[in-house]
$ cat entry18.cif   # mmCIF, C-alpha atoms
data_data
#
loop_
_atom_site.label_atom_id
_atom_site.label_comp_id
_atom_site.auth_asym_id
_atom_site.auth_seq_id
_atom_site.Cartn_x
_atom_site.Cartn_y
_atom_site.Cartn_z
CA MET U 571 -22.43 -6.10 7.32
CA MET U 572 -21.58 -3.08 5.18
CA GLN U 573 -23.41 -0.80 7.64
CA VAL U 574 -21.56 -2.24 10.64
CA VAL U 575 -18.17 -1.81 9.01
CA THR U 576 -18.95 1.75 7.94
CA GLN U 577 -20.06 2.63 11.48
CA VAL U 578 -16.93 1.07 12.97
CA SER U 579 -14.80 3.11 10.54
CA VAL U 580 -16.52 6.34 11.60
CA TRP U 581 -16.27 5.64 15.35
CA ILE U 582 -12.87 4.05 15.64
CA ILE U 583 -10.70 7.17 15.45
CA PRO U 584 -12.70 9.26 17.95
CA ALA U 585 -12.85 6.19 20.20
CA LEU U 586 -9.07 5.73 20.09
CA LEU U 587 -8.50 9.44 20.71
CA PHE U 588 -10.77 9.19 23.74
CA LEU U 589 -9.69 5.88 25.22
CA ILE U 590 -5.91 5.82 24.79
CA PRO U 591 -5.14 9.14 26.54
CA LEU U 592 -7.74 8.43 29.25
CA TYR U 593 -6.34 4.99 30.01
CA ALA U 594 -2.76 6.30 29.92
CA PHE U 595 -3.76 9.10 32.35
CA TRP U 596 -5.32 6.51 34.66
CA ARG U 597 -2.09 4.49 34.49
CA LYS U 598 -0.25 7.69 35.63
CA VAL U 599 1.67 8.14 32.37
CA PRO U 600 2.70 11.81 31.90
CA ILE U 601 0.37 11.96 28.93
CA TYR U 602 1.11 15.31 27.35
CA GLU U 603 4.91 14.93 27.43
CA THR U 604 4.67 11.36 26.14
CA PHE U 605 2.37 12.40 23.31
CA VAL U 606 4.71 15.20 22.25
CA GLU U 607 7.70 12.86 22.38
CA GLY U 608 5.94 10.43 20.09
CA ALA U 609 4.75 13.21 17.81
CA GLU U 610 8.32 14.44 17.45
CA ASP U 611 9.39 10.96 16.45
CA GLY U 612 6.59 10.84 13.85
CA PHE U 613 7.54 14.22 12.50
CA LYS U 614 11.19 13.22 12.11
CA THR U 615 10.21 9.97 10.43
CA ALA U 616 8.15 11.86 7.86
CA VAL U 617 11.14 14.06 7.08
CA LYS U 618 13.40 11.01 6.67
CA ILE U 619 11.03 9.55 4.07
CA ILE U 620 11.11 12.60 1.79
CA PRO U 621 14.37 11.85 -0.13
CA PHE U 622 13.17 8.31 -0.83
CA LEU U 623 9.81 9.64 -2.02
CA ILE U 624 11.45 12.13 -4.36
CA GLY U 625 13.67 9.44 -5.88
CA MET U 626 10.84 7.00 -6.47
CA LEU U 627 8.26 9.54 -7.62
CA VAL U 628 10.60 11.14 -10.18
CA ALA U 629 11.21 7.80 -11.95
CA ILE U 630 7.53 6.82 -11.82
CA GLN U 631 6.24 10.20 -12.96
CA VAL U 632 8.64 10.42 -15.92
CA PHE U 633 7.58 6.91 -16.97
CA VAL U 634 3.86 7.65 -16.63
CA ASP U 635 3.87 11.07 -18.32
CA SER U 636 6.20 10.17 -21.20
CA GLY U 637 3.75 8.05 -23.13
CA ALA U 638 5.73 4.88 -22.31
CA LEU U 639 2.57 3.32 -20.90
CA GLU U 640 0.79 3.55 -24.28
CA MET U 641 3.83 1.97 -25.94
CA VAL U 642 3.72 -0.93 -23.48
CA VAL U 643 -0.01 -1.36 -24.16
CA ASN U 644 0.65 -1.36 -27.92
CA VAL U 645 3.23 -4.09 -27.49
CA LEU U 646 1.03 -6.20 -25.19
CA THR U 647 -2.21 -5.94 -27.19
CA PRO U 648 -1.21 -8.35 -30.00
CA VAL U 649 0.13 -10.79 -27.40
CA PHE U 650 -3.22 -10.90 -25.60
CA ASP U 651 -5.06 -11.08 -28.93
CA ARG U 652 -3.05 -14.14 -29.84
CA PHE U 653 -4.19 -15.98 -26.75
CA GLY U 654 -7.74 -15.18 -27.80
CA TRP U 655 -8.51 -13.46 -24.50
CA ASN U 656 -11.61 -11.40 -24.01
CA THR U 657 -10.68 -8.20 -25.84
CA GLU U 658 -12.40 -6.11 -23.16
CA ILE U 659 -9.67 -7.18 -20.76
CA LEU U 660 -7.19 -5.21 -22.90
CA TYR U 661 -8.67 -1.95 -21.65
CA ILE U 662 -7.50 -2.64 -18.13
CA ILE U 663 -3.81 -3.17 -19.04
CA PRO U 664 -2.91 0.48 -18.24
CA LEU U 665 -4.61 0.10 -14.84
CA ALA U 666 -2.78 -3.17 -14.19
CA ILE U 667 0.58 -1.49 -14.88
CA MET U 668 -0.29 1.69 -13.00
CA ARG U 669 -1.71 0.00 -9.87
CA PRO U 670 1.58 -0.91 -8.14
CA LEU U 671 3.36 2.28 -9.29
CA SER U 672 1.16 5.23 -8.45
CA GLY U 673 -1.89 5.47 -6.19
CA SER U 674 -3.23 8.70 -7.63
CA GLY U 675 -2.40 7.57 -11.18
CA ALA U 676 -4.27 4.29 -10.75
CA LEU U 677 -7.24 6.06 -9.21
CA GLY U 678 -7.30 8.40 -12.21
CA VAL U 679 -7.21 5.52 -14.69
CA SER U 680 -9.88 3.49 -12.90
CA THR U 681 -12.16 6.53 -12.52
CA GLN U 682 -11.85 7.13 -16.25
CA LEU U 683 -12.60 3.48 -17.08
CA ILE U 684 -15.63 3.46 -14.76
CA ASN U 685 -16.97 6.64 -16.34
CA ASP U 686 -16.21 5.64 -19.96
CA PHE U 687 -17.59 2.09 -19.81
CA GLY U 688 -20.16 2.63 -17.06
CA PRO U 689 -19.81 1.40 -13.47
CA ASP U 690 -22.01 -1.65 -14.11
CA SER U 691 -20.19 -2.83 -17.26
CA PHE U 692 -17.66 -5.65 -17.27
CA VAL U 693 -14.72 -3.23 -17.55
CA GLY U 694 -16.21 -0.95 -14.88
CA ARG U 695 -16.64 -3.80 -12.42
CA LEU U 696 -13.21 -5.21 -13.17
CA ALA U 697 -11.55 -1.80 -12.73
CA SER U 698 -13.43 -1.33 -9.43
CA THR U 699 -12.34 -4.75 -8.17
CA MET U 700 -8.72 -4.21 -9.19
CA GLN U 701 -8.58 -0.76 -7.67
CA GLY U 702 -10.01 -1.96 -4.35
CA SER U 703 -8.11 -5.21 -4.03
CA SER U 704 -4.52 -4.00 -4.14
CA ASP U 705 -2.26 -1.37 -2.66
CA THR U 706 0.38 0.79 -4.31
CA THR U 707 3.26 -1.63 -3.77
CA PHE U 708 6.09 0.75 -4.74
CA PHE U 709 4.77 3.57 -2.59
CA VAL U 710 4.45 1.30 0.45
CA LEU U 711 7.95 -0.12 -0.05
CA THR U 712 9.45 3.36 -0.52
CA VAL U 713 7.79 4.85 2.55
CA TYR U 714 8.25 1.89 4.89
CA PHE U 715 11.86 1.11 4.01
CA GLY U 716 12.68 4.83 3.73
CA ALA U 717 11.53 5.41 7.31
CA VAL U 718 14.20 3.06 8.65
CA ARG U 719 16.79 4.00 6.01
CA ILE U 720 16.91 0.61 4.35
CA LYS U 721 18.43 0.70 0.89
CA GLN U 722 18.61 -2.99 0.00
CA TYR U 723 15.06 -4.29 -0.48
CA ARG U 724 16.19 -7.88 -1.30
CA TYR U 725 13.24 -9.97 -2.52
CA ALA U 726 10.55 -7.56 -1.23
CA VAL U 727 9.80 -6.12 -4.70
CA LYS U 728 9.42 -9.59 -6.21
CA VAL U 729 7.04 -10.76 -3.48
CA GLY U 730 4.96 -7.59 -3.80
CA LEU U 731 4.71 -7.73 -7.59
CA ILE U 732 3.92 -11.46 -7.70
CA ALA U 733 1.12 -10.85 -5.17
CA ASP U 734 -0.16 -7.98 -7.35
CA LEU U 735 -0.20 -10.29 -10.39
CA ALA U 736 -2.10 -12.91 -8.39
CA GLY U 737 -4.61 -10.22 -7.37
CA LEU U 738 -4.99 -9.19 -11.01
CA ALA U 739 -5.57 -12.77 -12.17
CA ALA U 740 -8.01 -13.37 -9.32
CA SER U 741 -9.89 -10.13 -10.14
CA ILE U 742 -10.31 -11.12 -13.80
CA TRP U 743 -11.40 -14.63 -12.87
CA ILE U 744 -13.93 -13.69 -10.21
CA VAL U 745 -15.46 -10.77 -12.12
CA THR U 746 -15.88 -12.95 -15.23
CA ARG U 747 -17.43 -15.67 -13.11
CA VAL U 748 -19.76 -13.57 -10.96
CA PHE U 749 -20.88 -10.94 -13.48
CA GLY U 750 -20.04 -12.79 -16.72
CA MET D 991 16.33 -5.17 -8.06
CA LEU D 992 15.32 -1.67 -7.06
CA ASN D 993 18.21 -0.16 -9.00
CA ILE D 994 17.07 -2.00 -12.12
CA ILE D 995 13.46 -0.86 -11.74
CA TRP D 996 14.55 2.70 -11.15
CA ILE D 997 16.78 2.85 -14.23
CA VAL D 998 14.19 1.06 -16.41
CA LEU D 999 11.37 3.43 -15.42
CA LEU D 1000 13.56 6.47 -15.93
CA CYS D 1001 15.27 5.48 -19.19
CA VAL D 1002 12.24 3.89 -20.85
CA GLY D 1003 10.29 7.01 -19.95
CA ILE D 1004 12.88 9.37 -21.38
CA VAL D 1005 13.35 7.31 -24.58
CA ALA D 1006 9.57 7.07 -25.04
CA ALA D 1007 9.23 10.82 -24.58
CA ALA D 1008 11.99 11.43 -27.13
CA CYS D 1009 10.35 9.04 -29.64
CA THR D 1010 6.94 10.68 -29.34
CA GLY D 1011 8.45 14.16 -29.56
CA ASN D 1012 7.52 15.00 -25.97
CA ILE D 1013 10.96 15.49 -24.50
CA ALA D 1014 9.92 18.70 -22.71
CA VAL D 1015 7.46 16.62 -20.64
CA VAL D 1016 10.37 14.86 -18.93
CA THR D 1017 11.74 18.02 -17.31
CA GLU D 1018 8.32 19.10 -16.12
CA SER D 1019 7.39 15.66 -14.77
CA ALA D 1020 10.68 15.22 -12.96
CA LEU D 1021 10.44 18.60 -11.25
CA ASN D 1022 6.76 18.15 -10.39
CA ALA D 1023 7.49 14.72 -8.97
CA GLY D 1024 10.18 16.15 -6.72
CA GLU D 1025 7.69 18.70 -5.44
CA LEU D 1026 5.07 15.99 -4.96
CA GLY D 1027 7.54 13.98 -2.89
CA VAL D 1028 8.06 16.91 -0.53
CA LYS D 1029 4.30 17.65 -0.36
CA THR D 1030 3.52 14.04 0.46
CA GLY D 1031 6.18 14.10 3.15
CA ILE D 1032 4.75 17.28 4.66
CA GLN D 1033 1.22 15.85 4.66
CA LEU D 1034 2.61 12.79 6.41
CA MET D 1035 4.21 14.95 9.12
CA GLY D 1036 0.88 15.94 10.65
CA VAL D 1037 -0.71 12.53 10.46
CA MET D 1038 2.44 10.80 11.63
CA GLY D 1039 2.86 13.24 14.49
CA LEU D 1040 -0.67 12.59 15.73
CA TRP D 1041 -0.61 8.80 15.45
CA MET D 1042 2.95 8.29 16.65
CA GLY D 1043 2.03 10.47 19.64
CA LEU D 1044 -0.97 8.29 20.42
CA MET D 1045 1.07 5.18 19.75
CA ARG D 1046 3.68 6.30 22.31
CA LEU D 1047 0.91 6.81 24.88
CA ALA D 1048 -0.48 3.36 24.11
CA GLN D 1049 2.99 1.92 24.47
CA LYS D 1050 3.73 3.60 27.83
CA ALA D 1051 0.31 2.62 29.18
CA GLY D 1052 0.95 -1.03 28.26
CA ILE D 1053 -1.81 -1.22 25.64
CA VAL D 1054 0.54 -2.22 22.82
CA LYS D 1055 1.98 -5.06 24.95
CA ALA D 1056 -1.53 -6.26 25.75
CA ILE D 1057 -2.55 -6.27 22.08
CA ALA D 1058 0.66 -8.08 21.21
CA ARG D 1059 -0.04 -10.73 23.88
CA VAL D 1060 -3.56 -11.38 22.61
CA PHE D 1061 -3.06 -11.27 18.84
CA GLY D 1062 0.68 -11.86 18.50
CA PRO D 1063 0.40 -15.68 18.70
CA LEU D 1064 -1.95 -15.64 15.68
CA LEU D 1065 0.78 -14.03 13.57
CA ALA D 1066 3.70 -15.85 15.19
CA PRO D 1067 3.99 -18.55 12.49
CA LEU D 1068 4.53 -15.83 9.87
CA PHE D 1069 7.35 -14.13 11.77
CA PRO D 1070 9.68 -16.82 13.10
CA ASP D 1071 12.64 -14.37 13.37
CA LEU D 1072 10.82 -11.84 15.52
CA LYS D 1073 11.46 -11.99 19.28
CA ARG D 1074 8.55 -12.81 21.58
CA GLY D 1075 8.56 -9.62 23.61
CA SER D 1076 9.16 -7.21 20.73
CA ASP D 1077 6.96 -4.14 20.55
CA ALA D 1078 6.75 -4.77 16.79
CA TRP D 1079 3.96 -7.33 17.41
CA GLY D 1080 1.51 -4.76 18.73
CA ALA D 1081 2.32 -2.31 15.94
CA ILE D 1082 1.94 -4.99 13.26
CA VAL D 1083 -1.48 -5.98 14.62
CA MET D 1084 -2.63 -2.36 14.80
CA ASN D 1085 -1.39 -1.69 11.25
CA LEU D 1086 -3.23 -4.69 9.82
CA CYS D 1087 -6.44 -3.78 11.70
CA ALA D 1088 -6.29 -0.20 10.41
CA ASN D 1089 -5.79 -1.52 6.87
CA ILE D 1090 -8.74 -3.90 7.15
CA LEU D 1091 -10.96 -1.04 8.34
CA GLY D 1092 -9.71 1.13 5.47
CA LEU D 1093 -8.09 3.72 7.78
CA GLY D 1094 -5.16 4.35 5.46
CA ASN D 1095 -3.72 7.34 7.27
CA ALA D 1096 -3.73 5.59 10.64
CA ALA D 1097 -2.28 2.43 9.15
CA THR D 1098 0.92 4.09 7.90
CA PRO D 1099 2.17 5.39 11.29
CA PHE D 1100 1.46 2.04 12.97
CA GLY D 1101 3.26 0.32 10.12
CA LEU D 1102 6.29 2.61 10.38
CA LYS D 1103 6.40 1.99 14.13
CA ALA D 1104 6.47 -1.74 13.36
CA MET D 1105 9.35 -1.15 10.93
CA GLN D 1106 11.30 0.81 13.56
CA GLU D 1107 10.82 -1.94 16.13
CA MET D 1108 11.91 -4.58 13.61
CA GLN D 1109 14.92 -2.47 12.65
CA LYS D 1110 16.12 -2.73 16.28
CA GLU D 1111 16.58 -6.48 15.77
CA ASN D 1112 18.00 -6.20 12.26
CA PRO D 1113 21.66 -7.33 12.13
CA HIS D 1114 22.23 -5.38 8.86
CA PRO D 1115 20.62 -1.93 9.25
CA GLU D 1116 20.96 -1.09 5.53
CA ARG D 1117 19.35 -4.34 4.43
CA ALA D 1118 15.74 -5.43 4.78
CA SER D 1119 15.25 -8.21 7.33
CA ARG D 1120 13.07 -11.20 6.52
CA SER D 1121 10.44 -10.14 9.05
CA MET D 1122 10.18 -6.73 7.39
CA ILE D 1123 9.62 -8.29 3.97
CA THR D 1124 6.94 -10.60 5.35
CA PHE D 1125 5.26 -7.61 7.00
CA LEU D 1126 5.28 -5.58 3.77
CA ALA D 1127 4.00 -8.58 1.79
CA LEU D 1128 1.04 -8.75 4.19
CA ASN D 1129 0.63 -4.99 4.19
CA THR D 1130 0.54 -4.41 0.42
CA SER D 1131 -1.89 -7.27 -0.16
CA CYS D 1132 -3.98 -6.61 2.93
CA ILE D 1133 -7.74 -7.10 2.95
CA THR D 1134 -9.96 -4.03 3.04
CA LEU D 1135 -13.51 -4.80 4.10
CA VAL D 1136 -15.05 -1.74 2.43
CA PRO D 1137 -13.20 -0.13 -0.50
CA ALA D 1138 -14.75 3.26 0.27
CA THR D 1139 -13.02 5.39 -2.40
CA ILE D 1140 -14.02 3.17 -5.28
CA ILE D 1141 -17.61 2.86 -4.00
CA GLY D 1142 -17.75 6.66 -3.96
CA ILE D 1143 -16.57 6.81 -7.57
CA ARG D 1144 -19.17 4.20 -8.57
CA ILE D 1145 -21.91 6.19 -6.88
CA SER D 1146 -20.94 9.37 -8.68
CA ALA D 1147 -20.80 7.47 -12.00
CA GLY D 1148 -24.43 6.47 -11.43
CA SER D 1149 -24.03 2.78 -10.58
CA ALA D 1150 -27.23 0.82 -9.91
CA GLN D 1151 -25.35 -1.20 -7.27
CA PRO D 1152 -22.24 0.62 -6.12
CA THR D 1153 -21.43 -1.95 -3.42
CA GLU D 1154 -21.76 -5.07 -5.59
CA ILE D 1155 -17.97 -5.19 -6.05
CA ILE D 1156 -17.24 -5.70 -2.33
CA GLY D 1157 -17.48 -9.47 -2.70
CA THR D 1158 -15.26 -9.70 -5.77
CA THR D 1159 -12.76 -7.30 -4.19
CA LEU D 1160 -12.57 -9.39 -1.01
CA PHE D 1161 -12.02 -12.53 -3.04
CA ALA D 1162 -9.26 -10.93 -5.12
CA THR D 1163 -7.50 -9.51 -2.04
CA CYS D 1164 -7.65 -12.87 -0.27
CA CYS D 1165 -6.03 -14.55 -3.29
CA ALA D 1166 -3.33 -11.87 -3.41
CA MET D 1167 -2.69 -12.21 0.32
CA ILE D 1168 -2.45 -16.01 0.25
CA CYS D 1169 -0.09 -15.73 -2.72
CA ALA D 1170 2.02 -13.10 -0.93
CA ILE D 1171 2.38 -15.32 2.15
CA ALA D 1172 3.24 -18.37 0.03
CA VAL D 1173 5.79 -16.57 -2.18
CA ASP D 1174 7.37 -14.88 0.85
CA TRP D 1175 7.69 -18.28 2.52
CA LEU D 1176 9.44 -19.70 -0.56
CA PHE D 1177 11.90 -16.78 -0.76
CA ARG D 1178 12.49 -16.90 2.98
CA ARG D 1179 13.70 -20.51 2.73
CA ARG D 1180 16.18 -19.54 0.03
CA ASN D 1181 17.44 -16.44 1.87
CA PRO D 1182 18.80 -17.27 5.30
CA VAL D 1183 18.71 -14.43 7.88
#
$ encode --input "entry18.cif" --output "C-alpha cells"
Amino acid sequence: MMQVVTQVSVWIIPALLFLIPLYAFWRKVPIYETFVEGAEDGFKTAVKIIPFLIGMLVAIQVFVDSGALEMVVNVLTPVFDRFGWNTEILYIIPLAIMRPLSGSGALGVSTQLINDFGPDSFVGRLASTMQGSSDTTFFVLTVYFGAVRIKQYRYAVKVGLIADLAGLAASIWIVTRVFG
Amino acid sequence: MLNIIWIVLLCVGIVAAACTGNIAVVTESALNAGELGVKTGIQLMGVMGLWMGLMRLAQKAGIVKAIARVFGPLLAPLFPDLKRGSDAWGAIVMNLCANILGLGNAATPFGLKAMQEMQKENPHPERASRSMITFLALNTSCITLVPATIIGIRISAGSAQPTEIIGTTLFATCCAMICAIAVDWLFRRRNPV
C-alpha cells in the first residue's frame, strides 16, 4: 500500500506534465499561449497574497518568538495536572498550539520532540501523528482568502480550529490505544 | 473573529516579550516575518505560474469539466450553493486529490483556482461564501495517505518503524475531517447565504 502510494506520488507530476499538454494539443488548443495566460494569472495571484501573508506572519511570529507560548504552557500545565491526565501529554501542548499557526514552527517543535523523546516513544509517536494529521489552518485561510481578496472570514476560523481540536483529541486517543 | 485573533497574538506576544525582558525580539521578529511573507509569496509565484498554466490548459481542453462531471456528484451534497456547471468542481476535486497524495505545492494552485471560481458566484466579494468555508474546512483537515515529511524525520531520528504512525495519522485525520464537515454543516444552517 505504502509502496503504491509512494510510486503514484513520484509519477503523478511528470504524468500530468506529459498528458495535459499533449491532450490539449490534440484538442487543437493553442497550448503555449494558453499556458502562458494561466501562468500569468498564477503569478498575479501569488503577488496578491503577499500583503495578507505579511499581516498574518507578523502577528504569529511575534507571538511565537516572544516567549508567550511558554507562558501559555505554564498556565495550562496545572489545569491538565488537575484532571490527572497522563503527564507526558503535557509535552505536546506547544505543538498543539503551534500546529494551526505556523507550519515551519510546528515542524520544528515536532522534530525536537521526536529527537528528545525518541521516535518510538509515546511522545514521539504522538508528535508524529499530530504533525501528519493536520494542516496549518491559519496559513491556508490567509493564502486562500487572500487570493480572492476576502477580508471577512465569517465562521471559517471557528470551523478550522474546532476540526484541529478534534484531530488533537483523536491523535491522543488513538496513539494511547494503539501504542499504549 | 480574525481581528480578535490578530490583536490577541500581537498584544499577548508584545506583553510577554516585555515581561520576560525580551522586548528587542519583537522588532526583529516583526521585520523578519514581513520578509518571510514576501519570500513565501515569491516562492509561490513559480509554483503557481506552472500549475495555473497547466490548469488553464486542462480547462481549455475540457479535462476539468470531465473531472467535475465524474467526481462532482460525490461532493455535491457538501456544496449545495455551488452551481452545477461551475468550473470550481473540477478544481476542488483536483485540490483534494493533490492533498491526499501529499503534493502540497500542486494542491495550493488548484485550491486557489477553486476559490477564484467560487468567488465568481459570491454575492458579497469581500465576504467568504458558505461554499468557500466548506471547501477550506475540507482542505485544512484533508487526509494525507503518506505523511512523507514526518516519516523522513522519524527515519533520521533512528526509528525502528518509521511508517508505523501512518495508521494513527489516518485515523486522526478522518476524525478531524468528519468533525469539520459536521461543524461546518451546523454553522451553515445558522448562517444563511
$ residues_around --input "entry18.cif" --residues "Phe749 of chain U" --least-positions-apart "3" --cutoff "10 Å" --atoms "only C-alpha atoms" --output "PDB file with C-alpha atoms, keeping the file's coordinate frame"
ATOM      1  CA  ASP U 690     -22.010  -1.650 -14.110  1.00  0.00           C
ATOM      2  CA  SER U 691     -20.190  -2.830 -17.260  1.00  0.00           C
ATOM      3  CA  PHE U 692     -17.660  -5.650 -17.270  1.00  0.00           C
ATOM      4  CA  ARG U 695     -16.640  -3.800 -12.420  1.00  0.00           C
ATOM      5  CA  LEU U 696     -13.210  -5.210 -13.170  1.00  0.00           C
ATOM      6  CA  ILE U 744     -13.930 -13.690 -10.210  1.00  0.00           C
ATOM      7  CA  VAL U 745     -15.460 -10.770 -12.120  1.00  0.00           C
ATOM      8  CA  THR U 746     -15.880 -12.950 -15.230  1.00  0.00           C
TER       9      THR U 746
ATOM     10  CA  GLU D1154     -21.760  -5.070  -5.590  1.00  0.00           C
ATOM     11  CA  ILE D1155     -17.970  -5.190  -6.050  1.00  0.00           C
ATOM     12  CA  THR D1158     -15.260  -9.700  -5.770  1.00  0.00           C
TER      13      THR D1158
END
$ residues_around --input "entry18.cif" --residues "Leu731 of chain U" --least-positions-apart "4" --cutoff "10 Å" --atoms "only C-alpha atoms" --output "PDB file with C-alpha atoms, in the frame of the given file"
ATOM      1  CA  PRO U 670       1.580  -0.910  -8.140  1.00  0.00           C
ATOM      2  CA  THR U 707       3.260  -1.630  -3.770  1.00  0.00           C
ATOM      3  CA  PHE U 708       6.090   0.750  -4.740  1.00  0.00           C
ATOM      4  CA  ALA U 726      10.550  -7.560  -1.230  1.00  0.00           C
ATOM      5  CA  VAL U 727       9.800  -6.120  -4.700  1.00  0.00           C
ATOM      6  CA  LEU U 735      -0.200 -10.290 -10.390  1.00  0.00           C
ATOM      7  CA  ALA U 736      -2.100 -12.910  -8.390  1.00  0.00           C
ATOM      8  CA  GLY U 737      -4.610 -10.220  -7.370  1.00  0.00           C
TER       9      GLY U 737
ATOM     10  CA  ALA D1127       4.000  -8.580   1.790  1.00  0.00           C
ATOM     11  CA  THR D1130       0.540  -4.410   0.420  1.00  0.00           C
ATOM     12  CA  SER D1131      -1.890  -7.270  -0.160  1.00  0.00           C
ATOM     13  CA  ALA D1166      -3.330 -11.870  -3.410  1.00  0.00           C
ATOM     14  CA  ALA D1170       2.020 -13.100  -0.930  1.00  0.00           C
TER      15      ALA D1170
END
$ resolve_selection --input "entry18.cif" --expression "the PyMOL selection byres ((chain U and resi 605-611) around 9)" --output "number ranges by chain"
U: 591, 600-604, 612-616; D: 1035-1036, 1038-1047
$ resolve_selection --input "entry18.cif" --expression "the PyMOL selection byres ((chain D and resi 1017) around 12)" --output "VMD selection string"
(chain U and resid 628 to 629 631 to 633 635 to 636) or (chain D and resid 1000 1003 to 1004 1007 to 1008 1012 to 1016 1018 to 1024)
$ write_last_selection --input "entry18.cif" --atoms "C-alpha atoms" --output "PDB file, in the coordinates of the input"
ATOM      1  CA  VAL U 628      10.600  11.140 -10.180  1.00  0.00           C
ATOM      2  CA  ALA U 629      11.210   7.800 -11.950  1.00  0.00           C
ATOM      3  CA  GLN U 631       6.240  10.200 -12.960  1.00  0.00           C
ATOM      4  CA  VAL U 632       8.640  10.420 -15.920  1.00  0.00           C
ATOM      5  CA  PHE U 633       7.580   6.910 -16.970  1.00  0.00           C
ATOM      6  CA  ASP U 635       3.870  11.070 -18.320  1.00  0.00           C
ATOM      7  CA  SER U 636       6.200  10.170 -21.200  1.00  0.00           C
TER       8      SER U 636
ATOM      9  CA  LEU D1000      13.560   6.470 -15.930  1.00  0.00           C
ATOM     10  CA  GLY D1003      10.290   7.010 -19.950  1.00  0.00           C
ATOM     11  CA  ILE D1004      12.880   9.370 -21.380  1.00  0.00           C
ATOM     12  CA  ALA D1007       9.230  10.820 -24.580  1.00  0.00           C
ATOM     13  CA  ALA D1008      11.990  11.430 -27.130  1.00  0.00           C
ATOM     14  CA  ASN D1012       7.520  15.000 -25.970  1.00  0.00           C
ATOM     15  CA  ILE D1013      10.960  15.490 -24.500  1.00  0.00           C
ATOM     16  CA  ALA D1014       9.920  18.700 -22.710  1.00  0.00           C
ATOM     17  CA  VAL D1015       7.460  16.620 -20.640  1.00  0.00           C
ATOM     18  CA  VAL D1016      10.370  14.860 -18.930  1.00  0.00           C
ATOM     19  CA  GLU D1018       8.320  19.100 -16.120  1.00  0.00           C
ATOM     20  CA  SER D1019       7.390  15.660 -14.770  1.00  0.00           C
ATOM     21  CA  ALA D1020      10.680  15.220 -12.960  1.00  0.00           C
ATOM     22  CA  LEU D1021      10.440  18.600 -11.250  1.00  0.00           C
ATOM     23  CA  ASN D1022       6.760  18.150 -10.390  1.00  0.00           C
ATOM     24  CA  ALA D1023       7.490  14.720  -8.970  1.00  0.00           C
ATOM     25  CA  GLY D1024      10.180  16.150  -6.720  1.00  0.00           C
TER      26      GLY D1024
END
$ residues_around --input "entry18.cif" --residues "Tyr725 of chain U" --least-positions-apart "3" --cutoff "12 Å" --atoms "all atoms listed in the file" --output "ChimeraX atom specification"
/U:711,722,728-732 /D:991-992,1117-1124,1126-1127,1170,1173-1181
$ atom_distance --input "entry18.cif" --atom1 "atom CA of Val1002 of chain D" --atom2 "atom CA of Val645 of chain U"
13.7 Å
$ residues_around --input "entry18.cif" --residues "Gly678 of chain U" --least-positions-apart "4" --cutoff "12 Å" --atoms "only C-alpha atoms" --output "list in words"
Pro664, Leu665, Met668, Arg669, Ser672, Gly673, Ser674, Gln682, Leu683, Ile684, Asn685, Ala697, Ser698 and Gln701 of chain U; Thr1139, Ile1140 and Ile1143 of chain D
$ decode --input "entry18.cif" --residues "segment 1099-1110 of chain D" --atoms "N, CA and C atoms" --output "mmCIF file, in the first residue's frame"
data_model
loop_
_atom_site.group_PDB
_atom_site.id
_atom_site.type_symbol
_atom_site.label_atom_id
_atom_site.label_comp_id
_atom_site.auth_asym_id
_atom_site.auth_seq_id
_atom_site.Cartn_x
_atom_site.Cartn_y
_atom_site.Cartn_z
ATOM 1 N N PRO D 1099 -2.224 25.714 -5.905
ATOM 2 C CA PRO D 1099 -2.776 26.364 -7.101
ATOM 3 C C PRO D 1099 -4.155 25.856 -7.492
ATOM 4 N N PHE D 1100 -4.391 24.545 -7.387
ATOM 5 C CA PHE D 1100 -5.733 24.024 -7.694
ATOM 6 C C PHE D 1100 -6.753 24.614 -6.726
ATOM 7 N N GLY D 1101 -6.346 24.703 -5.464
ATOM 8 C CA GLY D 1101 -7.247 25.241 -4.449
ATOM 9 C C GLY D 1101 -7.574 26.697 -4.709
ATOM 10 N N LEU D 1102 -6.554 27.472 -5.116
ATOM 11 C CA LEU D 1102 -6.790 28.902 -5.367
ATOM 12 C C LEU D 1102 -7.669 29.088 -6.595
ATOM 13 N N LYS D 1103 -7.502 28.200 -7.581
ATOM 14 C CA LYS D 1103 -8.376 28.221 -8.759
ATOM 15 C C LYS D 1103 -9.822 27.986 -8.320
ATOM 16 N N ALA D 1104 -9.998 27.024 -7.427
ATOM 17 C CA ALA D 1104 -11.343 26.737 -6.900
ATOM 18 C C ALA D 1104 -11.909 27.973 -6.212
ATOM 19 N N MET D 1105 -11.056 28.663 -5.424
ATOM 20 C CA MET D 1105 -11.521 29.869 -4.741
ATOM 21 C C MET D 1105 -11.952 30.938 -5.750
ATOM 22 N N GLN D 1106 -11.147 31.114 -6.815
ATOM 23 C CA GLN D 1106 -11.485 32.120 -7.825
ATOM 24 C C GLN D 1106 -12.823 31.803 -8.504
ATOM 25 N N GLU D 1107 -13.018 30.518 -8.801
ATOM 26 C CA GLU D 1107 -14.280 30.124 -9.449
ATOM 27 C C GLU D 1107 -15.453 30.351 -8.506
ATOM 28 N N MET D 1108 -15.256 30.061 -7.216
ATOM 29 C CA MET D 1108 -16.336 30.260 -6.246
ATOM 30 C C MET D 1108 -16.605 31.747 -6.022
ATOM 31 N N GLN D 1109 -15.542 32.549 -6.133
ATOM 32 C CA GLN D 1109 -15.683 33.994 -5.953
ATOM 33 C C GLN D 1109 -16.599 34.582 -7.026
ATOM 34 N N LYS D 1110 -16.590 33.967 -8.235
ATOM 35 C CA LYS D 1110 -17.441 34.454 -9.322
ATOM 36 C C LYS D 1110 -18.916 34.383 -8.959
#
